[in-house]
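This is my_file.pdb (PDB, C-alpha atoms).
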ATOM      1  CA  MET O 275     103.340-145.725-186.002
ATOM      2  CA  THR O 276     102.990-149.469-186.252
ATOM      3  CA  LEU O 277     105.164-151.613-188.482
ATOM      4  CA  ARG O 278     102.187-152.439-190.716
ATOM      5  CA  ILE O 279     101.398-148.799-191.407
ATOM      6  CA  PHE O 280     105.086-148.203-192.114
ATOM      7  CA  LEU O 281     105.230-151.108-194.596
ATOM      8  CA  GLU O 282     102.012-150.010-196.309
ATOM      9  CA  MET O 283     103.573-146.648-197.234
ATOM     10  CA  GLY O 284     100.145-145.045-197.598
ATOM     11  CA  GLY O 285      99.128-147.602-200.224
ATOM     12  CA  TYR O 286     102.337-147.240-202.235
ATOM     13  CA  GLY O 287     104.123-150.078-200.427
ATOM     14  CA  PHE O 288     104.550-152.222-203.546
ATOM     15  CA  TYR O 289     106.222-149.433-205.535
ATOM     16  CA  VAL O 290     108.407-148.135-202.699
ATOM     17  CA  TRP O 291     109.658-151.521-201.485
ATOM     18  CA  THR O 292     110.199-152.945-204.975
ATOM     19  CA  ALA O 293     112.322-149.874-205.752
ATOM     20  CA  TYR O 294     114.378-150.335-202.583
ATOM     21  CA  GLY O 295     114.639-154.104-203.154
ATOM     22  CA  VAL O 296     115.902-153.793-206.737
ATOM     23  CA  THR O 297     118.420-151.172-205.615
ATOM     24  CA  LEU O 298     119.734-153.414-202.843
ATOM     25  CA  LEU O 299     120.037-156.358-205.248
ATOM     26  CA  VAL O 300     121.980-154.413-207.901
ATOM     27  CA  LEU O 301     124.296-152.799-205.331
ATOM     28  CA  LEU O 302     125.034-156.171-203.689
ATOM     29  CA  LEU O 303     125.703-157.914-207.016
ATOM     30  CA  ASN O 304     128.159-155.225-208.112
ATOM     31  CA  ILE O 305     130.222-155.796-204.950
ATOM     32  CA  LEU O 306     129.905-159.582-204.629
ATOM     33  CA  LEU O 307     130.620-160.521-208.277
ATOM     34  CA  PRO O 308     134.140-159.013-208.423
ATOM     35  CA  VAL O 309     134.974-160.433-204.971
ATOM     36  CA  VAL O 310     133.908-163.971-205.978
ATOM     37  CA  GLN O 311     135.652-163.719-209.359
ATOM     38  CA  ARG O 312     138.872-162.468-207.748
ATOM     39  CA  ARG O 313     138.885-165.364-205.269
ATOM     40  CA  GLN O 314     138.387-167.847-208.114
ATOM     41  CA  LEU O 315     141.189-166.246-210.110
ATOM     42  CA  LEU O 316     143.550-166.305-207.116
ATOM     43  CA  ARG O 317     142.807-170.004-206.588
ATOM     44  CA  GLN O 318     143.445-170.783-210.281
ATOM     45  CA  LEU O 319     146.673-168.812-210.341
ATOM     46  CA  SER O 320     148.035-170.406-207.196
ATOM     47  CA  LEU O 321     147.217-173.903-208.540
ATOM     48  CA  ARG O 322     149.029-173.075-211.778
ATOM     49  CA  GLN O 323     152.011-171.780-209.828
ATOM     50  CA  LYS O 324     152.243-174.946-207.699
ATOM     51  CA  ARG O 325     152.071-177.121-210.825
ATOM     52  CA  GLY O 326     154.822-175.024-212.396
ATOM     53  CA  GLN O 327     157.124-175.543-209.429
ATOM     54  CA  ARG O 328     156.914-179.334-209.519
TER      55      ARG O 328
ATOM     56  CA  MET P  50     163.022-128.395-213.234
ATOM     57  CA  SER P  51     159.711-130.135-213.004
ATOM     58  CA  VAL P  52     156.579-128.064-212.498
ATOM     59  CA  ILE P  53     155.012-130.820-210.403
ATOM     60  CA  PRO P  54     156.357-130.892-206.843
ATOM     61  CA  ALA P  55     158.394-133.998-206.056
ATOM     62  CA  VAL P  56     156.000-135.115-203.311
ATOM     63  CA  VAL P  57     152.974-135.088-205.622
ATOM     64  CA  ASN P  58     154.971-136.824-208.324
ATOM     65  CA  ARG P  59     156.084-139.562-205.956
ATOM     66  CA  PHE P  60     152.532-139.969-204.625
ATOM     67  CA  PHE P  61     151.203-140.612-208.122
ATOM     68  CA  HIS P  62     153.982-142.984-209.106
ATOM     69  CA  GLN P  63     153.664-144.974-205.920
ATOM     70  CA  THR P  64     149.858-145.113-205.897
ATOM     71  CA  ALA P  65     149.777-145.994-209.576
ATOM     72  CA  SER P  66     152.082-148.975-209.121
ATOM     73  CA  PRO P  67     149.894-152.109-209.307
ATOM     74  CA  PRO P  68     151.133-153.947-206.164
ATOM     75  CA  TYR P  69     150.893-150.798-204.059
ATOM     76  CA  PHE P  70     147.432-149.980-205.353
ATOM     77  CA  TYR P  71     146.238-153.572-204.888
ATOM     78  CA  ALA P  72     147.319-153.581-201.219
ATOM     79  CA  LEU P  73     146.013-150.046-200.608
ATOM     80  CA  ALA P  74     142.572-150.986-201.966
ATOM     81  CA  GLU P  75     142.514-153.973-199.624
ATOM     82  CA  ARG P  76     143.378-151.847-196.583
ATOM     83  CA  LEU P  77     140.835-149.114-197.441
ATOM     84  CA  ALA P  78     137.896-151.514-197.953
ATOM     85  CA  PRO P  79     136.777-151.969-194.306
ATOM     86  CA  TRP P  80     136.953-148.214-193.573
ATOM     87  CA  LEU P  81     135.002-147.283-196.685
ATOM     88  CA  THR P  82     132.413-149.962-195.888
ATOM     89  CA  GLY P  83     132.032-148.651-192.327
ATOM     90  CA  VAL P  84     131.456-145.054-193.453
ATOM     91  CA  PHE P  85     129.075-146.242-196.199
ATOM     92  CA  LEU P  86     126.939-148.284-193.775
ATOM     93  CA  LEU P  87     126.724-145.393-191.276
ATOM     94  CA  LEU P  88     125.671-142.918-193.976
ATOM     95  CA  LEU P  89     123.216-145.435-195.429
ATOM     96  CA  ALA P  90     121.617-146.134-192.038
ATOM     97  CA  ALA P  91     121.286-142.406-191.266
ATOM     98  CA  GLY P  92     119.948-141.637-194.753
ATOM     99  CA  LEU P  93     117.374-144.443-194.696
ATOM    100  CA  TYR P  94     116.227-143.589-191.167
ATOM    101  CA  GLY P  95     115.835-139.933-192.106
ATOM    102  CA  GLY P  96     114.222-140.634-195.469
ATOM    103  CA  LEU P  97     111.884-143.511-194.684
ATOM    104  CA  TYR P  98     110.981-142.697-191.086
ATOM    105  CA  LEU P  99     111.707-139.107-189.991
ATOM    106  CA  ALA P 100     110.866-137.155-193.141
ATOM    107  CA  PRO P 101     107.190-136.176-193.522
ATOM    108  CA  SER P 102     105.173-137.408-196.485
ATOM    109  CA  ASP P 103     104.844-135.229-199.563
ATOM    110  CA  TYR P 104     101.692-133.088-199.696
ATOM    111  CA  GLN P 105     101.029-134.057-203.344
ATOM    112  CA  GLN P 106     102.586-137.486-203.767
ATOM    113  CA  GLY P 107     101.981-139.008-200.324
ATOM    114  CA  GLU P 108     104.449-141.717-199.356
ATOM    115  CA  SER P 109     105.342-142.694-202.928
ATOM    116  CA  TYR P 110     107.819-139.805-203.101
ATOM    117  CA  ARG P 111     110.143-141.757-200.740
ATOM    118  CA  ILE P 112     111.574-143.433-203.835
ATOM    119  CA  ILE P 113     113.396-140.103-204.292
ATOM    120  CA  TYR P 114     116.004-141.128-201.696
ATOM    121  CA  ILE P 115     117.408-143.772-204.032
ATOM    122  CA  HIS P 116     116.201-142.521-207.413
ATOM    123  CA  VAL P 117     117.885-139.113-207.340
ATOM    124  CA  PRO P 118     121.231-140.231-205.819
ATOM    125  CA  ALA P 119     121.393-143.115-208.337
ATOM    126  CA  ALA P 120     120.635-140.762-211.239
ATOM    127  CA  TRP P 121     123.309-138.318-210.030
ATOM    128  CA  MET P 122     125.799-141.175-209.746
ATOM    129  CA  SER P 123     124.963-142.414-213.244
ATOM    130  CA  LEU P 124     126.228-139.071-214.582
ATOM    131  CA  PHE P 125     129.026-138.603-212.026
ATOM    132  CA  VAL P 126     130.575-142.012-212.771
ATOM    133  CA  TYR P 127     130.424-141.326-216.510
ATOM    134  CA  VAL P 128     132.229-137.992-216.105
ATOM    135  CA  LEU P 129     134.892-139.714-213.980
ATOM    136  CA  MET P 130     135.275-142.364-216.692
ATOM    137  CA  ALA P 131     135.687-139.691-219.367
ATOM    138  CA  VAL P 132     138.430-138.028-217.263
ATOM    139  CA  MET P 133     140.201-141.371-216.849
ATOM    140  CA  ALA P 134     139.790-142.069-220.562
ATOM    141  CA  GLY P 135     141.552-138.758-221.286
ATOM    142  CA  ILE P 136     144.392-139.618-218.898
ATOM    143  CA  ALA P 137     144.666-143.117-220.380
ATOM    144  CA  LEU P 138     144.850-141.772-223.945
ATOM    145  CA  VAL P 139     147.318-138.939-223.270
ATOM    146  CA  TRP P 140     149.672-140.486-220.706
ATOM    147  CA  ARG P 141     149.046-144.190-221.329
ATOM    148  CA  MET P 142     148.639-144.614-217.596
ATOM    149  CA  LYS P 143     147.705-148.233-216.812
ATOM    150  CA  LEU P 144     145.859-147.442-213.595
ATOM    151  CA  ALA P 145     143.606-144.964-215.437
ATOM    152  CA  GLU P 146     142.692-147.746-217.890
ATOM    153  CA  VAL P 147     141.963-150.101-214.987
ATOM    154  CA  MET P 148     139.818-147.536-213.137
ATOM    155  CA  LEU P 149     137.953-146.687-216.337
ATOM    156  CA  ILE P 150     136.970-150.278-217.030
ATOM    157  CA  ALA P 151     136.339-150.992-213.336
ATOM    158  CA  SER P 152     133.840-148.104-213.193
ATOM    159  CA  ALA P 153     131.698-149.182-216.150
ATOM    160  CA  PRO P 154     129.613-151.953-214.510
ATOM    161  CA  ILE P 155     129.000-149.776-211.448
ATOM    162  CA  GLY P 156     127.868-146.873-213.613
ATOM    163  CA  ALA P 157     125.620-149.274-215.505
ATOM    164  CA  GLY P 158     124.201-150.450-212.161
ATOM    165  CA  PHE P 159     123.386-146.895-211.032
ATOM    166  CA  THR P 160     121.788-146.104-214.404
ATOM    167  CA  PHE P 161     119.687-149.272-214.208
ATOM    168  CA  ILE P 162     118.599-148.351-210.645
ATOM    169  CA  ALA P 163     117.683-144.811-211.754
ATOM    170  CA  LEU P 164     115.559-146.199-214.614
ATOM    171  CA  VAL P 165     113.803-148.927-212.594
ATOM    172  CA  THR P 166     113.075-146.771-209.529
ATOM    173  CA  GLY P 167     111.906-143.992-211.862
ATOM    174  CA  SER P 168     109.547-146.442-213.527
ATOM    175  CA  LEU P 169     108.226-147.622-210.137
ATOM    176  CA  TRP P 170     107.674-143.991-209.183
ATOM    177  CA  GLY P 171     106.170-143.021-212.538
ATOM    178  CA  LYS P 172     103.511-145.737-212.535
ATOM    179  CA  PRO P 173     101.529-144.447-209.495
ATOM    180  CA  MET P 174     102.241-140.741-210.229
ATOM    181  CA  TRP P 175     102.023-140.472-214.034
ATOM    182  CA  GLY P 176      99.983-143.605-214.661
ATOM    183  CA  ALA P 177     102.652-145.150-216.923
ATOM    184  CA  TRP P 178     105.698-147.343-216.348
ATOM    185  CA  TRP P 179     107.530-145.673-219.195
ATOM    186  CA  VAL P 180     107.144-142.655-221.481
ATOM    187  CA  TRP P 181     109.408-141.775-224.431
ATOM    188  CA  ASP P 182     110.314-138.463-222.978
ATOM    189  CA  ALA P 183     113.667-136.680-223.279
ATOM    190  CA  ARG P 184     115.037-137.297-219.766
ATOM    191  CA  LEU P 185     114.085-140.995-219.743
ATOM    192  CA  THR P 186     115.190-141.698-223.295
ATOM    193  CA  PHE P 187     118.653-140.171-222.869
ATOM    194  CA  GLU P 188     119.120-141.976-219.549
ATOM    195  CA  LEU P 189     118.281-145.244-221.350
ATOM    196  CA  ILE P 190     120.890-144.359-223.987
ATOM    197  CA  LEU P 191     123.388-143.820-221.153
ATOM    198  CA  LEU P 192     122.704-147.374-219.964
ATOM    199  CA  PHE P 193     123.468-148.657-223.492
ATOM    200  CA  GLN P 194     126.664-146.581-223.519
ATOM    201  CA  TYR P 195     127.822-148.250-220.291
ATOM    202  CA  LEU P 196     126.928-151.695-221.621
ATOM    203  CA  GLY P 197     128.649-150.876-224.917
ATOM    204  CA  ILE P 198     131.838-149.982-223.050
ATOM    205  CA  VAL P 199     131.752-153.237-221.069
ATOM    206  CA  SER P 200     131.158-155.367-224.192
ATOM    207  CA  LEU P 201     133.710-153.549-226.361
ATOM    208  CA  TYR P 202     136.350-154.111-223.695
ATOM    209  CA  GLY P 203     135.426-157.783-223.530
ATOM    210  CA  ALA P 204     135.481-158.163-227.324
ATOM    211  CA  ILE P 205     139.135-157.134-227.853
ATOM    212  CA  GLU P 206     141.672-159.693-226.691
ATOM    213  CA  ASP P 207     144.656-157.406-226.093
ATOM    214  CA  ARG P 208     143.819-155.468-222.940
ATOM    215  CA  ARG P 209     145.820-152.367-223.779
ATOM    216  CA  ALA P 210     144.290-152.100-227.246
ATOM    217  CA  ALA P 211     140.866-152.730-225.713
ATOM    218  CA  ALA P 212     141.455-149.961-223.168
ATOM    219  CA  ARG P 213     142.350-147.480-225.921
ATOM    220  CA  ALA P 214     139.219-148.310-227.909
ATOM    221  CA  VAL P 215     137.086-148.028-224.772
ATOM    222  CA  SER P 216     138.708-144.686-223.869
ATOM    223  CA  ILE P 217     137.757-143.189-227.224
ATOM    224  CA  LEU P 218     134.210-144.534-226.938
ATOM    225  CA  ALA P 219     133.868-143.160-223.386
ATOM    226  CA  LEU P 220     135.176-139.713-224.401
ATOM    227  CA  VAL P 221     132.856-139.401-227.395
ATOM    228  CA  GLY P 222     129.868-140.499-225.308
ATOM    229  CA  VAL P 223     130.358-137.818-222.649
ATOM    230  CA  VAL P 224     128.282-135.497-224.865
ATOM    231  CA  ASN P 225     125.183-137.267-223.507
ATOM    232  CA  VAL P 226     125.880-136.086-219.925
ATOM    233  CA  PRO P 227     124.917-132.396-220.357
ATOM    234  CA  VAL P 228     122.033-133.478-222.602
ATOM    235  CA  ILE P 229     120.608-135.592-219.754
ATOM    236  CA  HIS P 230     121.227-132.862-217.192
ATOM    237  CA  TYR P 231     119.507-130.096-219.173
ATOM    238  CA  SER P 232     116.871-132.313-220.843
ATOM    239  CA  VAL P 233     114.189-131.242-218.356
ATOM    240  CA  GLU P 234     114.773-127.600-219.327
ATOM    241  CA  TRP P 235     115.297-127.998-223.076
ATOM    242  CA  TRP P 236     112.245-130.125-223.767
ATOM    243  CA  SER P 237     108.799-129.991-222.234
ATOM    244  CA  THR P 238     108.525-133.200-220.326
ATOM    245  CA  LEU P 239     106.608-135.190-217.755
ATOM    246  CA  HIS P 240     109.744-135.488-215.637
ATOM    247  CA  GLN P 241     109.855-132.852-212.947
ATOM    248  CA  GLY P 242     112.486-130.137-213.102
ATOM    249  CA  PRO P 243     115.545-129.988-210.863
ATOM    250  CA  THR P 244     114.717-129.660-207.182
ATOM    251  CA  ILE P 245     118.191-129.492-205.659
ATOM    252  CA  THR P 246     120.680-128.298-208.248
ATOM    253  CA  LYS P 247     118.963-125.034-208.984
ATOM    254  CA  LEU P 248     121.042-121.909-208.547
ATOM    255  CA  ASP P 249     118.544-120.329-206.157
ATOM    256  CA  LYS P 250     117.283-122.062-203.029
ATOM    257  CA  PRO P 251     116.384-125.735-203.448
ATOM    258  CA  SER P 252     112.615-126.264-203.465
ATOM    259  CA  ILE P 253     112.606-129.046-200.891
ATOM    260  CA  HIS P 254     112.183-128.929-197.130
ATOM    261  CA  VAL P 255     115.310-129.424-195.030
ATOM    262  CA  SER P 256     113.899-132.570-193.354
ATOM    263  CA  MET P 257     113.745-134.149-196.827
ATOM    264  CA  LEU P 258     116.947-132.550-198.115
ATOM    265  CA  ILE P 259     119.245-133.890-195.364
ATOM    266  CA  PRO P 260     118.458-137.602-195.897
ATOM    267  CA  LEU P 261     118.692-137.081-199.653
ATOM    268  CA  LEU P 262     122.180-135.610-199.313
ATOM    269  CA  LEU P 263     123.178-138.376-196.866
ATOM    270  CA  MET P 264     122.106-140.993-199.415
ATOM    271  CA  ALA P 265     123.989-139.146-202.162
ATOM    272  CA  VAL P 266     127.225-139.221-200.132
ATOM    273  CA  ALA P 267     126.562-142.858-199.152
ATOM    274  CA  PHE P 268     126.305-143.759-202.864
ATOM    275  CA  LYS P 269     129.656-142.021-203.486
ATOM    276  CA  PHE P 270     131.236-144.248-200.839
ATOM    277  CA  TYR P 271     129.532-147.271-202.360
ATOM    278  CA  TYR P 272     131.083-146.379-205.700
ATOM    279  CA  LEU P 273     134.540-146.258-204.083
ATOM    280  CA  ILE P 274     134.045-149.678-202.450
ATOM    281  CA  ALA P 275     132.776-151.305-205.640
ATOM    282  CA  VAL P 276     135.266-149.672-208.016
ATOM    283  CA  LEU P 277     138.197-150.783-205.853
ATOM    284  CA  GLN P 278     136.927-154.385-205.856
ATOM    285  CA  ASN P 279     136.570-154.310-209.642
ATOM    286  CA  ALA P 280     139.975-152.653-210.033
ATOM    287  CA  ARG P 281     141.669-155.342-207.936
ATOM    288  CA  LEU P 282     140.118-158.065-210.108
ATOM    289  CA  GLU P 283     141.155-156.281-213.306
ATOM    290  CA  LEU P 284     144.716-155.708-212.010
ATOM    291  CA  LEU P 285     145.071-159.402-211.152
ATOM    292  CA  LYS P 286     143.825-160.437-214.608
ATOM    293  CA  ARG P 287     146.255-158.085-216.341
ATOM    294  CA  GLU P 288     149.270-158.801-214.158
ATOM    295  CA  ALA P 289     148.708-162.524-213.607
ATOM    296  CA  THR P 290     152.212-163.416-214.773
ATOM    297  CA  SER P 291     154.059-160.570-213.032
ATOM    298  CA  GLN P 292     156.431-161.007-210.114
ATOM    299  CA  TRP P 293     154.265-159.160-207.557
ATOM    300  CA  VAL P 294     151.320-161.494-208.203
ATOM    301  CA  LYS P 295     153.630-164.502-207.787
ATOM    302  CA  ASN P 296     154.835-163.077-204.477
ATOM    303  CA  LEU P 297     151.249-162.460-203.440
ATOM    304  CA  LEU P 298     150.290-166.062-204.232
ATOM    305  CA  GLU P 299     153.218-167.415-202.246
ATOM    306  CA  LYS P 300     152.285-165.292-199.246
ATOM    307  CA  THR P 301     148.670-166.502-199.217
ATOM    308  CA  ALA P 302     149.394-170.145-200.126
TER     309      ALA P 302
END
Could I get this file's structure written as structure tokens?
Amino acid sequence: MTLRIFLEMGGYGFYVWTAYGVTLLVLLLNILLPVVQRRQLLRQLSLRQKRGQR
Amino acid sequence: MSVIPAVVNRFFHQTASPPYFYALAERLAPWLTGVFLLLLAAGLYGGLYLAPSDYQQGESYRIIYIHVPAAWMSLFVYVLMAVMAGIALVWRMKLAEVMLIASAPIGAGFTFIALVTGSLWGKPMWGAWWVWDARLTFELILLFQYLGIVSLYGAIEDRRAAARAVSILALVGVVNVPVIHYSVEWWSTLHQGPTITKLDKPSIHVSMLIPLLLMAVAFKFYYLIAVLQNARLELLKREATSQWVKNLLEKTA
């Protein structure tokens, strides 16, 4: 089986790969968003703490 | 004398303490991610490459390997949330509130995936992106329930009051779960009946069943990874002024 035949998915390539692409995007966002937000919050909190100590 | 053995009791008290849970979630993350990636790789290899094509649907059926696990998870996460809502209402346990609210966006994500992949599968097979049929309509309502829970929590300033309101909403909404599950039997519908969760033998070949189950377990691990990340964020927000967060900030600074 060549890569092209695999990607074509018997003519259903658009539907199959869009489905897998959307899934990947949603799953990634739901992990990355809380990680980024937590890092931002930690940075804010530690800034506030340093200001409080001075 | 307590009915609950001391060991179990201590386990719950320790695990439920925010600093302990925060650190535990951090330590578990790489292991959970490793298991998830292995299961995902095996499931995708089996589903997209090894499994034969369907004799009626050709290659388009391969959407099943994400559609069905995502749809299962959309219900599974909601049931978990209802259980945590019950615990939060009865015992006022903070960690149950945190896990409840941390689960909502992930459940919404799975529901969205189930709807979109279903639509992408329905178009070539049924000839329509969407039909107002029982299974699809109730799954769409489930998505609105998840989004409602997220927005209600965001709309109430006091986090404990917000968590109580959300708990009640989540518990009431659990009635939709059996409706979705049995919708394909109660109403005549375009959506195909259950293939796996029938009481007799599943009507799917083992070479298709194994990757499907691998993907289902992989999605369970994904849920654990994502819910722990959300829970850590929520714990930090709630406990920003507490001593353990101050200690944590000093350690990392």
Given the PyMOL selection byres ((chain O and resi 306) around 12), the residues it picks as a VMD selection string: (chain O and resid 299 to 305 307 to 313) or (chain P and resid 155 274 to 276 278 to 279 282)
Distance table requested - chain P against chain O, cut-off 8 Å, only C-alpha atoms: one row per qualifying residue with the closest atom pair and its distance in Å to one decimal, ordered by chain and rising residue number, as CSV.
residue,atom,partner,partner_atom,distance
P:Gly107,CA,O:Gly284,CA,6.9
P:Glu108,CA,O:Met283,CA,5.4
P:Ser109,CA,O:Tyr286,CA,5.5
P:Arg111,CA,O:Val290,CA,6.9
P:Ile112,CA,O:Val290,CA,5.8
P:Ile115,CA,O:Tyr294,CA,7.4
P:Pro154,CA,O:Asn304,CA,7.3
P:Ile155,CA,O:Asn304,CA,6.4
P:Gly158,CA,O:Val300,CA,6.2
P:Ile162,CA,O:Thr297,CA,5.8
P:Val165,CA,O:Ala293,CA,7.1
P:Thr166,CA,O:Ala293,CA,4.9
P:Leu169,CA,O:Tyr289,CA,5.3
P:Trp170,CA,O:Tyr289,CA,6.7
P:Pro173,CA,O:Tyr286,CA,7.8
P:Ile274,CA,O:Ile305,CA,7.6
P:Ala275,CA,O:Ile305,CA,5.2
P:Gln278,CA,O:Pro308,CA,6.0
P:Asn279,CA,O:Pro308,CA,5.4
P:Arg281,CA,O:Arg312,CA,7.7
P:Leu282,CA,O:Arg312,CA,5.1
P:Leu285,CA,O:Arg312,CA,7.7
P:Lys286,CA,O:Leu315,CA,7.8
P:Ala289,CA,O:Leu319,CA,7.4
P:Lys295,CA,O:Gln323,CA,7.7
P:Leu298,CA,O:Ser320,CA,5.7
P:Glu299,CA,O:Ser320,CA,7.8
P:Ala302,CA,O:Ser320,CA,7.2
Kindly save the residues from that selection, with C-alpha atoms included, as a PDB file, keeping the file's coordinate frame.
ATOM      1  CA  GLY P 107     101.981-139.008-200.324  1.00  0.00           C
ATOM      2  CA  GLU P 108     104.449-141.717-199.356  1.00  0.00           C
ATOM      3  CA  SER P 109     105.342-142.694-202.928  1.00  0.00           C
ATOM      4  CA  ARG P 111     110.143-141.757-200.740  1.00  0.00           C
ATOM      5  CA  ILE P 112     111.574-143.433-203.835  1.00  0.00           C
ATOM      6  CA  ILE P 115     117.408-143.772-204.032  1.00  0.00           C
ATOM      7  CA  PRO P 154     129.613-151.953-214.510  1.00  0.00           C
ATOM      8  CA  ILE P 155     129.000-149.776-211.448  1.00  0.00           C
ATOM      9  CA  GLY P 158     124.201-150.450-212.161  1.00  0.00           C
ATOM     10  CA  ILE P 162     118.599-148.351-210.645  1.00  0.00           C
ATOM     11  CA  VAL P 165     113.803-148.927-212.594  1.00  0.00           C
ATOM     12  CA  THR P 166     113.075-146.771-209.529  1.00  0.00           C
ATOM     13  CA  LEU P 169     108.226-147.622-210.137  1.00  0.00           C
ATOM     14  CA  TRP P 170     107.674-143.991-209.183  1.00  0.00           C
ATOM     15  CA  PRO P 173     101.529-144.447-209.495  1.00  0.00           C
ATOM     16  CA  ILE P 274     134.045-149.678-202.450  1.00  0.00           C
ATOM     17  CA  ALA P 275     132.776-151.305-205.640  1.00  0.00           C
ATOM     18  CA  GLN P 278     136.927-154.385-205.856  1.00  0.00           C
ATOM     19  CA  ASN P 279     136.570-154.310-209.642  1.00  0.00           C
ATOM     20  CA  ARG P 281     141.669-155.342-207.936  1.00  0.00           C
ATOM     21  CA  LEU P 282     140.118-158.065-210.108  1.00  0.00           C
ATOM     22  CA  LEU P 285     145.071-159.402-211.152  1.00  0.00           C
ATOM     23  CA  LYS P 286     143.825-160.437-214.608  1.00  0.00           C
ATOM     24  CA  ALA P 289     148.708-162.524-213.607  1.00  0.00           C
ATOM     25  CA  LYS P 295     153.630-164.502-207.787  1.00  0.00           C
ATOM     26  CA  LEU P 298     150.290-166.062-204.232  1.00  0.00           C
ATOM     27  CA  GLU P 299     153.218-167.415-202.246  1.00  0.00           C
ATOM     28  CA  ALA P 302     149.394-170.145-200.126  1.00  0.00           C
TER      29      ALA P 302
END
All residues 8 Å or closer to Ala280 (chain P), only C-alpha atoms, same chain fewer than 4 positions away omitted, as number ranges by chain: P: 147-148, 150-151, 276, 284
CA of Ile253 (chain P) to CA of Pro227 (chain P), distance in Å rounded to a single decimal: 23.3 Å
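Using the PyMOL selection byres ((chain P and resi 84-97) around 7) on the file at hand returns these residues: Trp80, Leu81, Thr82, Gly83, Tyr98, Leu99, Ala100, Arg111, Tyr114, Met257, Pro260, Leu261, Leu263, Met264, Ala267, Phe270 and Tyr271 of chain P.
For the pair CA of Ile217 (chain P) and CA of Ala119 (chain P), the interatomic distance is 25.0 Å.
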Two-atom distance - CA of Gly222 (chain P), CA of Ser168 (chain P) (Å):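 So the two atoms, CA of Gly222 (chain P) and CA of Ser168 (chain P), lie 24.2 Å apart.
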Hits of the PyMOL selection byres ((chain P and resi 214) around 10) in this structure, as a PyMOL selection string: chain P and resi 134+138+198+201-202+205+208-213+215-219
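Closest to Trp235 (chain P) among P:His254, P:Arg287, P:Arg184, P:Arg76 is P:Arg184, based on only C-alpha atoms.
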P:Leu149, P:Val199, P:Val139, P:Ala183 ranked by distance to Val126 (chain P), top pick (using all atoms listed in the file):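 Of all the options, P:Leu149 lies closest to Val126 (chain P).
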At the level of N, CA and C atoms, write region 308-321 of chain O to a file as a PDB file, in the first residue's frame, please.
ATOM      1  N   PRO O 308      -5.309  24.848  29.869  1.00  0.00           N
ATOM      2  CA  PRO O 308      -5.093  24.925  31.316  1.00  0.00           C
ATOM      3  C   PRO O 308      -3.614  25.036  31.692  1.00  0.00           C
ATOM      4  N   VAL O 309      -2.724  24.416  30.909  1.00  0.00           N
ATOM      5  CA  VAL O 309      -1.293  24.503  31.222  1.00  0.00           C
ATOM      6  C   VAL O 309      -0.815  25.947  31.066  1.00  0.00           C
ATOM      7  N   VAL O 310      -1.187  26.599  29.955  1.00  0.00           N
ATOM      8  CA  VAL O 310      -0.770  27.983  29.711  1.00  0.00           C
ATOM      9  C   VAL O 310      -1.358  28.910  30.777  1.00  0.00           C
ATOM     10  N   GLN O 311      -2.656  28.712  31.065  1.00  0.00           N
ATOM     11  CA  GLN O 311      -3.318  29.574  32.059  1.00  0.00           C
ATOM     12  C   GLN O 311      -2.697  29.410  33.439  1.00  0.00           C
ATOM     13  N   ARG O 312      -2.325  28.164  33.787  1.00  0.00           N
ATOM     14  CA  ARG O 312      -1.722  27.933  35.107  1.00  0.00           C
ATOM     15  C   ARG O 312      -0.367  28.622  35.194  1.00  0.00           C
ATOM     16  N   ARG O 313       0.424  28.543  34.106  1.00  0.00           N
ATOM     17  CA  ARG O 313       1.732  29.209  34.121  1.00  0.00           C
ATOM     18  C   ARG O 313       1.572  30.722  34.286  1.00  0.00           C
ATOM     19  N   GLN O 314       0.585  31.290  33.560  1.00  0.00           N
ATOM     20  CA  GLN O 314       0.347  32.731  33.692  1.00  0.00           C
ATOM     21  C   GLN O 314      -0.034  33.094  35.122  1.00  0.00           C
ATOM     22  N   LEU O 315      -0.919  32.281  35.699  1.00  0.00           N
ATOM     23  CA  LEU O 315      -1.385  32.546  37.063  1.00  0.00           C
ATOM     24  C   LEU O 315      -0.223  32.460  38.052  1.00  0.00           C
ATOM     25  N   LEU O 316       0.625  31.443  37.891  1.00  0.00           N
ATOM     26  CA  LEU O 316       1.778  31.288  38.783  1.00  0.00           C
ATOM     27  C   LEU O 316       2.690  32.515  38.692  1.00  0.00           C
ATOM     28  N   ARG O 317       2.894  33.009  37.456  1.00  0.00           N
ATOM     29  CA  ARG O 317       3.759  34.170  37.271  1.00  0.00           C
ATOM     30  C   ARG O 317       3.153  35.393  37.967  1.00  0.00           C
ATOM     31  N   GLN O 318       1.840  35.606  37.759  1.00  0.00           N
ATOM     32  CA  GLN O 318       1.147  36.725  38.416  1.00  0.00           C
ATOM     33  C   GLN O 318       1.269  36.647  39.929  1.00  0.00           C
ATOM     34  N   LEU O 319       0.994  35.462  40.457  1.00  0.00           N
ATOM     35  CA  LEU O 319       0.993  35.291  41.913  1.00  0.00           C
ATOM     36  C   LEU O 319       2.379  35.531  42.492  1.00  0.00           C
ATOM     37  N   SER O 320       3.408  35.059  41.786  1.00  0.00           N
ATOM     38  CA  SER O 320       4.746  35.211  42.352  1.00  0.00           C
ATOM     39  C   SER O 320       5.196  36.680  42.266  1.00  0.00           C
ATOM     40  N   LEU O 321       4.752  37.396  41.230  1.00  0.00           N
ATOM     41  CA  LEU O 321       5.026  38.842  41.149  1.00  0.00           C
ATOM     42  C   LEU O 321       4.378  39.577  42.322  1.00  0.00           C
TER      43      LEU O 321
END
